[in-house]
Amino acid sequence: MNRLANKVAIITGGASGIGAGTVRRFVEEGAKVVIADIQDDLGKALVAELGQNAIYQHTNVATEADVERMVDLAVNHFGHLDILFNNAGFGGVSGELQDLVIGQEYENTVGVMFTGVVLGIKHAARVMKPQRSGSIISTASVAGLQAGLGPHVYSGIKAGVIGLSRSAALELAAFNIRANAICPGGIATPIFAPMLEFHQGDNQSVVEIMRARMAQAQPVQRSGESLDIANMALFLASDDSTFITGQHHVVDGGMTSSRMRLDESLNDERDDPT
């Protein structure tokens, strides 16, 4: 406990899913947290749950003025900024290549998941450089490492987040600021709702549905949970990782490291052994 005592963090997309799980984990470990999101009701409910160690601000991470205010709020309310977790995201524009429409949905996808990370790093760095310390963490994805694990644009953006984190780490290391990315695998969160035939009032939640569907999707035979990513973020935010920067940390239950074993197929009895 208290691995983040006296530290101040911002978590974007902090009102639900991985973000909310990380907010709770950071507060458990002693941090003061700014929850930045556009889901006002969920954000305010999380603040009510956690008390004075958390505050909420409506933040569109694709808008620079919002990101600037977000960082200023952390400093003005809590006194400083030690950790930024660029986590806001969604599935974004999808479809076969010939069907992609380079319109508003595309702009929103790039704005939230890439421009938002650029802006977060920019404004966190202006505070962290003078204090000569800090940890910047960004959510990438296994889809940025391996083809076929996400929509085309999403996959390209997440590969870009990995590259951006590495590039930022090189500049910021001289100021004792670390920059790393986390690559989640199949994590049961509400982000998958648009992919499902799901309606409010259904007996199962999106998380429950995805938990069951992803239990067999990787060698570790359970779905990933928000806490799995929160624990990695905690490590990267804490002083336990002061010699780690410019890296992408895969948390995927082995999804990208090996294929599932086809034991039943291999053990089928056949009349013709060839």
# chains A, B, ... in the order shown; residues from 1 in each chain; ligands from 1

call {"tool": "residues_around", "arguments": {"residues": "Gln39 (chain A)", "least_positions_apart": "2", "cutoff": "9 Å", "atoms": "only C-alpha atoms", "output": "PDB file with N, CA and C atoms, in the first residue's frame"}}
result
ATOM      1  N   GLY A  13     -10.091   9.278 -19.792  1.00  0.00           N
ATOM      2  CA  GLY A  13     -10.989   8.141 -19.931  1.00  0.00           C
ATOM      3  C   GLY A  13     -11.174   7.446 -18.601  1.00  0.00           C
ATOM      4  N   ALA A  15     -13.507   7.548 -16.295  1.00  0.00           N
ATOM      5  CA  ALA A  15     -14.828   7.353 -15.703  1.00  0.00           C
ATOM      6  C   ALA A  15     -15.355   5.935 -15.858  1.00  0.00           C
ATOM      7  N   SER A  16     -14.761   5.126 -16.734  1.00  0.00           N
ATOM      8  CA  SER A  16     -15.267   3.774 -16.948  1.00  0.00           C
ATOM      9  C   SER A  16     -14.135   2.862 -17.408  1.00  0.00           C
ATOM     10  N   ALA A  36     -10.460  12.575 -15.897  1.00  0.00           N
ATOM     11  CA  ALA A  36     -10.764  13.378 -17.073  1.00  0.00           C
ATOM     12  C   ALA A  36     -11.540  12.523 -18.070  1.00  0.00           C
ATOM     13  N   ASP A  37     -12.732  12.973 -18.453  1.00  0.00           N
ATOM     14  CA  ASP A  37     -13.584  12.157 -19.305  1.00  0.00           C
ATOM     15  C   ASP A  37     -14.686  13.048 -19.866  1.00  0.00           C
ATOM     16  N   ASP A  41     -21.761  11.865 -15.800  1.00  0.00           N
ATOM     17  CA  ASP A  41     -22.466  11.178 -14.714  1.00  0.00           C
ATOM     18  C   ASP A  41     -21.584  10.108 -14.076  1.00  0.00           C
ATOM     19  N   LEU A  42     -20.900   9.329 -14.922  1.00  0.00           N
ATOM     20  CA  LEU A  42     -20.026   8.279 -14.393  1.00  0.00           C
ATOM     21  C   LEU A  42     -18.846   8.881 -13.641  1.00  0.00           C
ATOM     22  N   GLY A  43     -18.291   9.963 -14.175  1.00  0.00           N
ATOM     23  CA  GLY A  43     -17.160  10.602 -13.511  1.00  0.00           C
ATOM     24  C   GLY A  43     -17.525  11.150 -12.147  1.00  0.00           C
ATOM     25  N   LYS A  44     -18.664  11.812 -12.072  1.00  0.00           N
ATOM     26  CA  LYS A  44     -19.106  12.381 -10.794  1.00  0.00           C
ATOM     27  C   LYS A  44     -19.459  11.292  -9.792  1.00  0.00           C
ATOM     28  N   HIS A  58     -14.727  17.502 -16.982  1.00  0.00           N
ATOM     29  CA  HIS A  58     -15.138  17.168 -18.337  1.00  0.00           C
ATOM     30  C   HIS A  58     -14.011  17.550 -19.279  1.00  0.00           C
TER      31      HIS A  58
END

call {"tool": "select_by_dssp", "arguments": {"residues": "region 117-177 of chain A", "states": "alpha helix (DSSP H)", "output": "PyMOL selection string"}}
result
chain A and resi 117-131+152-172

call {"tool": "write_last_selection", "arguments": {"atoms": "C-alpha atoms", "output": "PDB file, in the first residue's frame"}}
result
ATOM      1  CA  VAL A 117      -1.971  11.451 -26.504  1.00  0.00           C
ATOM      2  CA  VAL A 118       0.225  14.074 -28.191  1.00  0.00           C
ATOM      3  CA  LEU A 119      -1.558  16.860 -26.295  1.00  0.00           C
ATOM      4  CA  GLY A 120      -1.380  14.998 -23.014  1.00  0.00           C
ATOM      5  CA  ILE A 121       2.359  14.482 -23.327  1.00  0.00           C
ATOM      6  CA  LYS A 122       2.856  18.101 -24.420  1.00  0.00           C
ATOM      7  CA  HIS A 123       1.065  19.640 -21.455  1.00  0.00           C
ATOM      8  CA  ALA A 124       2.271  17.141 -18.871  1.00  0.00           C
ATOM      9  CA  ALA A 125       5.847  17.794 -20.026  1.00  0.00           C
ATOM     10  CA  ARG A 126       5.545  21.573 -19.532  1.00  0.00           C
ATOM     11  CA  VAL A 127       4.791  20.902 -15.853  1.00  0.00           C
ATOM     12  CA  MET A 128       7.077  17.929 -15.316  1.00  0.00           C
ATOM     13  CA  LYS A 129      10.196  19.349 -16.962  1.00  0.00           C
ATOM     14  CA  PRO A 130      10.701  22.183 -14.431  1.00  0.00           C
ATOM     15  CA  GLN A 131      10.160  19.786 -11.502  1.00  0.00           C
ATOM     16  CA  HIS A 152      -7.313  -0.869 -39.470  1.00  0.00           C
ATOM     17  CA  VAL A 153      -7.297   2.732 -38.261  1.00  0.00           C
ATOM     18  CA  TYR A 154      -7.326   1.722 -34.590  1.00  0.00           C
ATOM     19  CA  SER A 155      -4.372  -0.625 -35.188  1.00  0.00           C
ATOM     20  CA  GLY A 156      -2.374   2.062 -36.986  1.00  0.00           C
ATOM     21  CA  ILE A 157      -3.037   4.604 -34.260  1.00  0.00           C
ATOM     22  CA  LYS A 158      -2.006   2.216 -31.503  1.00  0.00           C
ATOM     23  CA  ALA A 159       1.248   1.447 -33.325  1.00  0.00           C
ATOM     24  CA  GLY A 160       1.729   5.207 -33.483  1.00  0.00           C
ATOM     25  CA  VAL A 161       1.189   5.541 -29.726  1.00  0.00           C
ATOM     26  CA  ILE A 162       3.985   3.032 -29.161  1.00  0.00           C
ATOM     27  CA  GLY A 163       6.319   4.990 -31.437  1.00  0.00           C
ATOM     28  CA  LEU A 164       5.336   8.316 -29.901  1.00  0.00           C
ATOM     29  CA  SER A 165       6.005   7.005 -26.400  1.00  0.00           C
ATOM     30  CA  ARG A 166       9.453   5.824 -27.445  1.00  0.00           C
ATOM     31  CA  SER A 167      10.254   9.159 -29.111  1.00  0.00           C
ATOM     32  CA  ALA A 168       8.993  11.201 -26.156  1.00  0.00           C
ATOM     33  CA  ALA A 169      11.013   9.064 -23.759  1.00  0.00           C
ATOM     34  CA  LEU A 170      14.209  10.051 -25.550  1.00  0.00           C
ATOM     35  CA  GLU A 171      13.572  13.772 -25.088  1.00  0.00           C
ATOM     36  CA  LEU A 172      12.217  13.549 -21.559  1.00  0.00           C
TER      37      LEU A 172
END

call {"tool": "closest_residue", "arguments": {"among": "A:Gly134, A:Pro151, A:Gly224, A:Gly144", "to": "His80 (chain A)", "atoms": "only C-alpha atoms"}}
result
A:Gly134

call {"tool": "closest_residue", "arguments": {"among": "A:Cys183, A:Ala147, A:Met255, A:Val112", "to": "Gln218 (chain A)", "atoms": "only C-alpha atoms"}}
result
A:Met255

call {"tool": "atom_distance", "arguments": {"atom1": "CA of Phe78 (chain A)", "atom2": "CA of Ala31 (chain A)"}}
result
10.3 Å

call {"tool": "closest_residue", "arguments": {"among": "A:Gly17, A:Gly51, A:Gly111, A:Gly30", "to": "Ala237 (chain A)", "atoms": "only C-alpha atoms"}}
result
A:Gly30

call {"tool": "closest_residue", "arguments": {"among": "A:Ser138, A:Asn60, A:Thr22, A:Gln221", "to": "Asn180 (chain A)", "atoms": "only C-alpha atoms"}}
result
A:Ser138

call {"tool": "select_by_dssp", "arguments": {"residues": "region 129-187 of chain A", "states": "strand (DSSP E)", "output": "PyMOL selection string"}}
result
chain A and resi 134-139+177-184

call {"tool": "atom_distance", "arguments": {"atom1": "CA of Met214 (chain A)", "atom2": "CA of Thr189 (chain A)"}}
result
11.1 Å

call {"tool": "closest_residue", "arguments": {"among": "A:Ile83, A:Val93, A:Leu50, A:Gly246", "to": "Ala233 (chain A)", "atoms": "only C-alpha atoms"}}
result
A:Ile83

call {"tool": "atom_distance", "arguments": {"atom1": "CA of Gly185 (chain A)", "atom2": "CA of Phe235 (chain A)"}}
result
17.8 Å

call {"tool": "closest_residue", "arguments": {"among": "A:Ala45, A:Ile187, A:Ile10, A:Ala140", "to": "Leu227 (chain A)", "atoms": "only C-alpha atoms"}}
result
A:Ile187
